[in-house]
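Data first, discussion second: the structure below is written as structure tokens.
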Amino acid sequence: MSAIVDVTSVLEVLRPVQDPELRKSLVELNMIRNVKIEGGNVSFTLVLTTPACPLREFIVEDCQKAVRQLPGIADVVVDVTAETPKQKDLPNRQGIPGVKNIIAISSGKGGVGKTTVAVNVAAALANSGAKVGMLDADIYGPNVPTMLGLESAQVMVQQGASGEVLEPAFNHGIKMVSMGFLIDKDQPVIWRGPMLNGIIRQFLYQVQWGELDYLVVDLPPGTGDAQLTLIQAVPMAGAAIVTTPQNVALLDARKGLKMFQ
Ligand SMILES: Nc1ncnc2c1ncn2[C@@H]1O[C@H](COP(=O)(O)OP(=O)(O)O)[C@@H](O)[C@H]1O
Ligand SMILES: [Mg+2]
């Protein structure tokens, strides 16, 4: 049986379908690829801008409806994938090769749920199919290993082409390095600015992160050296400040926000 429709006519009926957030045609955004027609069966790949797209089901439905307008269509199969766009580069900031977006999670005060938010953001992104890493930079409370079930994990040091590189721990689909791996759990640590600066830079640039869509950074509370190092070192796609509703907590959160602006 000869094909009833061709690729051009499929793209034509899909052209009016828009990405609801970008408000542009999926076809014009090059999000429809690999159109195949076999008899009355049409299949294509829908390439979203994030695997976490909350509207994916709606977009797929819109696409299927559009293609069904053509005569003789038996089935429309949409294979959904995602290509996460890379954040914008900034002058004087050295991005991490292979890492597309860096997200900082910070807070004014401790104990407000920062790590809980950071781990859940990372886990949700990983669940949706994104490649995710976590950098636990909270020197005062490096709790990410506990929350990811990696308490007894260690960072492995390997000899890379350009010196020593750290191999991150891995669980729940998340690659992770933590300040907790470097310090004695029962000893108080006194970090001086330059030391902390050095460790954070090492965690950014000397870890085998590989290809990551998102690197989520759990920062210590406040507006100290860790925040400053991160902001000055890498370009950031976004930052979240976690707070509780009390006035004093909000006051500190606002200060934290100013730092990232
Ligand atoms: N939304 C929430 N509601 C109630 N308790 C929470 C919530 N988020 C976190 N917690 C609890 O509060 C405590 C502190 O959370 P954590 O994420 O470690 O805070 P932080 O990283 O800011 O110090 C933990 O015991 C955690 O289980
Ligand atoms: Mg914490």
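Chain labels A, B, ... are given in the sequence in which chains occur in the structure tokens; within each chain residues are numbered consecutively from 1, and ligands are likewise numbered from 1 in the order shown.
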Proximity of chain A to ligand 2: per-residue shortest pair, 9 Å limit, only C-alpha atoms and all ligand atoms, as JSON lines:
```
{"residue": "A:Gly110", "atom": "CA", "partner": "ligand 2", "partner_atom_place_in_ligand_line": "1 (Mg)", "distance": 6.8}
{"residue": "A:Gly111", "atom": "CA", "partner": "ligand 2", "partner_atom_place_in_ligand_line": "1 (Mg)", "distance": 6.6}
{"residue": "A:Val112", "atom": "CA", "partner": "ligand 2", "partner_atom_place_in_ligand_line": "1 (Mg)", "distance": 8.1}
{"residue": "A:Gly113", "atom": "CA", "partner": "ligand 2", "partner_atom_place_in_ligand_line": "1 (Mg)", "distance": 6.8}
{"residue": "A:Lys114", "atom": "CA", "partner": "ligand 2", "partner_atom_place_in_ligand_line": "1 (Mg)", "distance": 5.4}
{"residue": "A:Thr115", "atom": "CA", "partner": "ligand 2", "partner_atom_place_in_ligand_line": "1 (Mg)", "distance": 4.1}
{"residue": "A:Thr116", "atom": "CA", "partner": "ligand 2", "partner_atom_place_in_ligand_line": "1 (Mg)", "distance": 7.3}
{"residue": "A:Ala118", "atom": "CA", "partner": "ligand 2", "partner_atom_place_in_ligand_line": "1 (Mg)", "distance": 8.7}
{"residue": "A:Asp136", "atom": "CA", "partner": "ligand 2", "partner_atom_place_in_ligand_line": "1 (Mg)", "distance": 8.7}
{"residue": "A:Asp138", "atom": "CA", "partner": "ligand 2", "partner_atom_place_in_ligand_line": "1 (Mg)", "distance": 6.5}
{"residue": "A:Tyr140", "atom": "CA", "partner": "ligand 2", "partner_atom_place_in_ligand_line": "1 (Mg)", "distance": 8.0}
{"residue": "A:Gly141", "atom": "CA", "partner": "ligand 2", "partner_atom_place_in_ligand_line": "1 (Mg)", "distance": 5.3}
{"residue": "A:Pro142", "atom": "CA", "partner": "ligand 2", "partner_atom_place_in_ligand_line": "1 (Mg)", "distance": 6.3}
{"residue": "A:Asn143", "atom": "CA", "partner": "ligand 2", "partner_atom_place_in_ligand_line": "1 (Mg)", "distance": 5.6}
{"residue": "A:Val144", "atom": "CA", "partner": "ligand 2", "partner_atom_place_in_ligand_line": "1 (Mg)", "distance": 7.4}
{"residue": "A:Asp218", "atom": "CA", "partner": "ligand 2", "partner_atom_place_in_ligand_line": "1 (Mg)", "distance": 7.2}
{"residue": "A:Leu219", "atom": "CA", "partner": "ligand 2", "partner_atom_place_in_ligand_line": "1 (Mg)", "distance": 7.8}
{"residue": "A:Pro220", "atom": "CA", "partner": "ligand 2", "partner_atom_place_in_ligand_line": "1 (Mg)", "distance": 6.9}
{"residue": "A:Pro221", "atom": "CA", "partner": "ligand 2", "partner_atom_place_in_ligand_line": "1 (Mg)", "distance": 7.9}
```
Output for the residues just chosen: N, CA and C atoms as a compact mmCIF listing (two decimals), in the first residue's frame:
```txt
# COMPACT_ATOMS: atom_id res chain seq x y z
N GLY A 110 20.06 28.15 59.07
CA GLY A 110 20.14 26.70 58.99
C GLY A 110 18.84 26.08 59.48
N GLY A 111 18.64 24.83 59.14
CA GLY A 111 17.49 24.10 59.65
C GLY A 111 16.15 24.49 59.07
N VAL A 112 16.17 25.15 57.91
CA VAL A 112 14.90 25.61 57.31
C VAL A 112 14.40 24.68 56.21
N GLY A 113 15.17 23.63 55.91
CA GLY A 113 14.72 22.68 54.89
C GLY A 113 15.48 22.78 53.58
N LYS A 114 16.64 23.42 53.63
CA LYS A 114 17.44 23.63 52.42
C LYS A 114 17.87 22.31 51.77
N THR A 115 18.45 21.45 52.57
CA THR A 115 18.93 20.18 52.01
C THR A 115 17.76 19.32 51.52
N THR A 116 16.66 19.35 52.27
CA THR A 116 15.47 18.61 51.85
C THR A 116 15.01 19.08 50.47
N ALA A 118 16.89 20.73 48.22
CA ALA A 118 17.94 20.45 47.22
C ALA A 118 17.87 19.00 46.75
N ASP A 136 27.46 18.93 47.52
CA ASP A 136 27.09 19.28 48.89
C ASP A 136 28.20 20.17 49.45
N ASP A 138 27.77 22.30 51.99
CA ASP A 138 27.44 22.78 53.34
C ASP A 138 28.44 22.22 54.36
N TYR A 140 28.87 23.10 57.38
CA TYR A 140 28.35 23.00 58.75
C TYR A 140 27.42 21.80 58.91
N GLY A 141 26.69 21.48 57.87
CA GLY A 141 25.78 20.34 57.94
C GLY A 141 25.74 19.60 56.63
N PRO A 142 26.81 18.86 56.30
CA PRO A 142 26.80 18.12 55.03
C PRO A 142 25.89 16.90 55.12
N ASN A 143 24.60 17.12 54.89
CA ASN A 143 23.59 16.07 55.11
C ASN A 143 23.17 15.34 53.84
N VAL A 144 23.70 15.78 52.71
CA VAL A 144 23.26 15.15 51.45
C VAL A 144 23.58 13.65 51.42
N ASP A 218 24.05 22.37 47.16
CA ASP A 218 23.50 22.64 48.50
C ASP A 218 24.53 23.47 49.25
N LEU A 219 24.21 24.74 49.46
CA LEU A 219 25.16 25.66 50.10
C LEU A 219 24.98 25.71 51.61
N PRO A 220 26.00 26.15 52.34
CA PRO A 220 25.78 26.38 53.77
C PRO A 220 24.85 27.58 53.96
N PRO A 221 24.19 27.72 55.11
CA PRO A 221 23.32 28.89 55.32
C PRO A 221 24.15 30.17 55.36
```
* To do: Based on DSSP run over this structure's backbone, return all residues of region 113-233 of chain A in alpha helix (DSSP H), as a PyMOL selection string.
  => chain A and resi 114-127+144-147+193-205+225-233
* Would you list the contacts of region 195-205 of chain A as a list in words, taking every protein, DNA or RNA residue within 7 Å and counting only C-alpha atoms, but skipping same-chain residues closer than 3 positions in sequence? => Ile96, Ala137, Trp191, Arg192, Asp225, Ala226 and Thr229 of chain A
Same residues, all heavy atoms, output as a compact mmCIF listing (two decimals), in the first residue's frame:
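New file out_13.txt:
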```txt
# COMPACT_ATOMS: atom_id res chain seq x y z
N ILE A 96 31.55 24.54 33.77
CA ILE A 96 32.13 23.22 33.91
C ILE A 96 31.83 22.46 32.61
O ILE A 96 30.67 22.36 32.23
CB ILE A 96 31.50 22.47 35.11
CG1 ILE A 96 31.62 23.33 36.38
CG2 ILE A 96 32.16 21.12 35.31
CD1 ILE A 96 30.82 22.80 37.54
N ALA A 137 27.95 21.48 49.44
CA ALA A 137 28.98 22.42 49.87
C ALA A 137 28.71 22.95 51.27
O ALA A 137 29.33 23.91 51.71
CB ALA A 137 29.05 23.59 48.87
N TRP A 191 37.01 26.19 58.96
CA TRP A 191 37.43 26.42 57.59
C TRP A 191 37.78 27.88 57.42
O TRP A 191 36.98 28.74 57.74
CB TRP A 191 36.30 26.08 56.62
CG TRP A 191 35.97 24.64 56.54
CD1 TRP A 191 35.15 23.96 57.38
CD2 TRP A 191 36.43 23.70 55.58
NE1 TRP A 191 35.08 22.65 56.99
CE2 TRP A 191 35.84 22.46 55.89
CE3 TRP A 191 37.28 23.79 54.47
CZ2 TRP A 191 36.07 21.32 55.13
CZ3 TRP A 191 37.49 22.65 53.72
CH2 TRP A 191 36.90 21.43 54.06
N ARG A 192 38.94 28.15 56.91
CA ARG A 192 39.25 29.52 56.56
C ARG A 192 38.84 29.73 55.10
O ARG A 192 38.80 28.78 54.32
CB ARG A 192 40.75 29.77 56.72
CG ARG A 192 41.16 29.64 58.15
CD ARG A 192 42.60 30.02 58.36
NE ARG A 192 43.03 29.59 59.68
CZ ARG A 192 42.75 30.23 60.80
NH1 ARG A 192 42.04 31.35 60.76
NH2 ARG A 192 43.17 29.78 61.95
N ASP A 225 31.69 32.62 52.56
CA ASP A 225 32.71 32.32 51.56
C ASP A 225 32.24 31.34 50.49
O ASP A 225 32.60 31.45 49.33
CB ASP A 225 33.95 31.73 52.24
CG ASP A 225 34.69 32.80 53.03
OD1 ASP A 225 34.94 33.88 52.46
OD2 ASP A 225 35.00 32.56 54.22
N ALA A 226 31.44 30.36 50.90
CA ALA A 226 31.00 29.33 49.93
C ALA A 226 30.15 29.97 48.84
O ALA A 226 30.37 29.73 47.65
CB ALA A 226 30.21 28.24 50.64
N THR A 229 32.39 32.17 46.59
CA THR A 229 33.22 31.38 45.67
C THR A 229 32.39 30.90 44.49
O THR A 229 32.78 31.03 43.34
CB THR A 229 33.81 30.16 46.40
OG1 THR A 229 34.63 30.61 47.45
CG2 THR A 229 34.63 29.30 45.44
```
* Hey, what's within 10 Å of Trp209 (chain A) if we count only C-alpha atoms and toss same-chain stuff fewer than 4 positions away? As a VMD selection string, please? -> chain A and resid 96 to 99 131 to 134 165 to 168 175 to 177 203 to 205 215
Can you write just those residues out, all heavy atoms, as a short mmCIF file (atom, residue, chain, number, x, y, z; two decimals), in the first residue's frame?
```cif
data_model
loop_
_atom_site.label_atom_id
_atom_site.label_comp_id
_atom_site.auth_asym_id
_atom_site.auth_seq_id
_atom_site.Cartn_x
_atom_site.Cartn_y
_atom_site.Cartn_z
N ILE A 96 31.55 24.54 33.77
CA ILE A 96 32.13 23.22 33.91
C ILE A 96 31.83 22.46 32.61
O ILE A 96 30.67 22.36 32.23
CB ILE A 96 31.50 22.47 35.11
CG1 ILE A 96 31.62 23.33 36.38
CG2 ILE A 96 32.16 21.12 35.31
CD1 ILE A 96 30.82 22.80 37.54
N PRO A 97 32.89 21.98 31.94
CA PRO A 97 32.66 21.29 30.67
C PRO A 97 31.67 20.12 30.86
O PRO A 97 31.81 19.33 31.79
CB PRO A 97 34.05 20.75 30.29
CG PRO A 97 35.01 21.59 31.06
CD PRO A 97 34.32 22.01 32.31
N GLY A 98 30.66 20.06 30.01
CA GLY A 98 29.68 18.96 30.09
C GLY A 98 28.50 19.25 30.99
O GLY A 98 27.50 18.55 30.95
N VAL A 99 28.60 20.28 31.84
CA VAL A 99 27.51 20.61 32.77
C VAL A 99 26.70 21.77 32.18
O VAL A 99 27.22 22.85 31.97
CB VAL A 99 28.05 20.98 34.17
CG1 VAL A 99 26.91 21.38 35.10
CG2 VAL A 99 28.84 19.81 34.75
N LYS A 131 20.02 14.16 33.51
CA LYS A 131 21.28 13.73 34.14
C LYS A 131 21.62 14.75 35.20
O LYS A 131 21.76 15.94 34.93
CB LYS A 131 22.39 13.65 33.09
CG LYS A 131 22.11 12.63 32.01
CD LYS A 131 23.30 12.53 31.07
CE LYS A 131 22.90 11.97 29.73
NZ LYS A 131 22.37 13.01 28.82
N VAL A 132 21.73 14.28 36.46
CA VAL A 132 21.79 15.20 37.58
C VAL A 132 22.99 14.92 38.49
O VAL A 132 23.33 13.76 38.76
CB VAL A 132 20.49 15.11 38.43
CG1 VAL A 132 20.52 16.10 39.58
CG2 VAL A 132 19.27 15.37 37.56
N GLY A 133 23.62 16.00 38.95
CA GLY A 133 24.68 15.89 39.94
C GLY A 133 24.35 16.78 41.13
O GLY A 133 23.56 17.72 41.03
N MET A 134 24.93 16.45 42.29
CA MET A 134 24.76 17.29 43.47
C MET A 134 26.12 17.58 44.09
O MET A 134 26.93 16.68 44.28
CB MET A 134 23.90 16.59 44.52
CG MET A 134 22.43 16.73 44.30
SD MET A 134 21.51 16.34 45.82
CE MET A 134 21.51 17.94 46.65
N VAL A 165 41.56 13.66 39.62
CA VAL A 165 40.13 13.95 39.51
C VAL A 165 39.36 13.07 40.49
O VAL A 165 39.76 11.95 40.78
CB VAL A 165 39.59 13.74 38.08
CG1 VAL A 165 40.01 14.85 37.16
CG2 VAL A 165 40.00 12.38 37.53
N LEU A 166 38.26 13.60 40.99
CA LEU A 166 37.43 12.85 41.94
C LEU A 166 36.29 12.17 41.19
O LEU A 166 35.67 12.76 40.32
CB LEU A 166 36.85 13.80 42.99
CG LEU A 166 37.84 14.65 43.79
CD1 LEU A 166 37.10 15.65 44.65
CD2 LEU A 166 38.71 13.74 44.66
N GLU A 167 36.04 10.94 41.58
CA GLU A 167 34.93 10.18 41.02
C GLU A 167 33.75 10.35 41.98
O GLU A 167 33.85 9.97 43.15
CB GLU A 167 35.36 8.71 40.92
CG GLU A 167 34.38 7.78 40.26
CD GLU A 167 34.18 8.09 38.79
OE1 GLU A 167 35.17 8.43 38.10
OE2 GLU A 167 33.03 7.99 38.35
N PRO A 168 32.64 10.93 41.54
CA PRO A 168 31.54 11.15 42.49
C PRO A 168 30.87 9.86 42.95
O PRO A 168 30.95 8.84 42.25
CB PRO A 168 30.56 12.02 41.70
CG PRO A 168 30.90 11.81 40.27
CD PRO A 168 32.35 11.43 40.20
N LYS A 175 24.66 11.81 40.78
CA LYS A 175 26.09 11.80 41.10
C LYS A 175 26.33 12.84 42.18
O LYS A 175 25.78 13.94 42.09
CB LYS A 175 26.92 12.18 39.87
CG LYS A 175 26.91 11.15 38.77
CD LYS A 175 27.78 11.65 37.63
CE LYS A 175 27.69 10.70 36.45
NZ LYS A 175 28.44 11.22 35.30
N MET A 176 27.16 12.52 43.17
CA MET A 176 27.27 13.45 44.29
C MET A 176 28.65 13.47 44.93
O MET A 176 29.26 12.42 45.12
CB MET A 176 26.21 13.04 45.33
CG MET A 176 25.98 14.02 46.44
SD MET A 176 26.98 13.73 47.89
CE MET A 176 26.46 12.10 48.33
N VAL A 177 29.11 14.68 45.25
CA VAL A 177 30.28 14.82 46.12
C VAL A 177 29.87 15.69 47.31
O VAL A 177 28.99 16.54 47.18
CB VAL A 177 31.51 15.46 45.42
CG1 VAL A 177 32.08 14.52 44.36
CG2 VAL A 177 31.17 16.81 44.83
N PHE A 203 35.71 20.78 43.83
CA PHE A 203 34.46 20.06 43.64
C PHE A 203 33.76 20.47 42.34
O PHE A 203 32.99 19.71 41.78
CB PHE A 203 33.52 20.30 44.83
CG PHE A 203 33.76 19.35 45.98
CD1 PHE A 203 34.76 18.39 45.93
CD2 PHE A 203 32.98 19.42 47.12
CE1 PHE A 203 34.97 17.52 46.98
CE2 PHE A 203 33.18 18.56 48.19
CZ PHE A 203 34.18 17.60 48.12
N LEU A 204 34.00 21.69 41.91
CA LEU A 204 33.39 22.13 40.66
C LEU A 204 34.16 21.59 39.46
O LEU A 204 33.59 20.99 38.55
CB LEU A 204 33.36 23.66 40.58
CG LEU A 204 32.40 24.39 41.52
CD1 LEU A 204 32.69 25.89 41.51
CD2 LEU A 204 30.94 24.14 41.12
N TYR A 205 35.48 21.80 39.49
CA TYR A 205 36.26 21.58 38.27
C TYR A 205 37.04 20.28 38.24
O TYR A 205 37.50 19.85 37.20
CB TYR A 205 37.24 22.74 38.05
CG TYR A 205 36.55 24.07 37.91
CD1 TYR A 205 36.74 25.09 38.83
CD2 TYR A 205 35.69 24.31 36.83
CE1 TYR A 205 36.11 26.32 38.70
CE2 TYR A 205 35.06 25.53 36.68
CZ TYR A 205 35.26 26.53 37.63
OH TYR A 205 34.63 27.74 37.49
N LEU A 215 23.39 20.56 37.70
CA LEU A 215 24.19 20.35 38.91
C LEU A 215 23.55 21.19 40.02
O LEU A 215 23.47 22.42 39.92
CB LEU A 215 25.65 20.79 38.69
CG LEU A 215 26.55 20.70 39.93
CD1 LEU A 215 26.72 19.26 40.39
CD2 LEU A 215 27.93 21.30 39.65
#
```
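Note that the spacing between CA of Gln246 (chain A) and CA of Met259 (chain A) amounts to 20.4 Å.
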* To do: For region 70-74 of chain A, work out the shell of residues within 8 Å, counting only C-alpha atoms and skipping chain neighbours fewer than 5 positions away, then give it as a list of chain:residue names.
  =>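 Final neighbour list, sorted by chain and number: A:Ile4, A:Val5, A:Val10, A:Val13, A:Gly40, A:Asn41, A:Val42.
With only C-alpha atoms as the basis for measurement, A:Gly129 is the residue among A:Gly193, A:Gly129, A:Gly160, A:Pro20 that approaches Thr50 (chain A) most closely.
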* Pick out each residue of region 34-250 of chain A that DSSP on the backbone tags as strand (DSSP E); I need them as a PyMOL selection string. => chain A and resi 34-38+41-48+75-82+99-107+132-136+156-160+163-167+169-171+174-178+212-218+238-242
* Asked: Given the choices A:Val117, A:Leu212, A:Met179, A:Arg254, which gets closest to ligand 1 if the distance is worked out from only C-alpha atoms and all ligand atoms?
  -> A:Val117
* With only C-alpha atoms and all ligand atoms as the atoms that count, which of A:Gly238, A:Pro85, A:Pro145, A:Gly173 lies nearest to ligand 1? ->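 Closest residue, counting only C-alpha atoms and all ligand atoms: A:Pro145.
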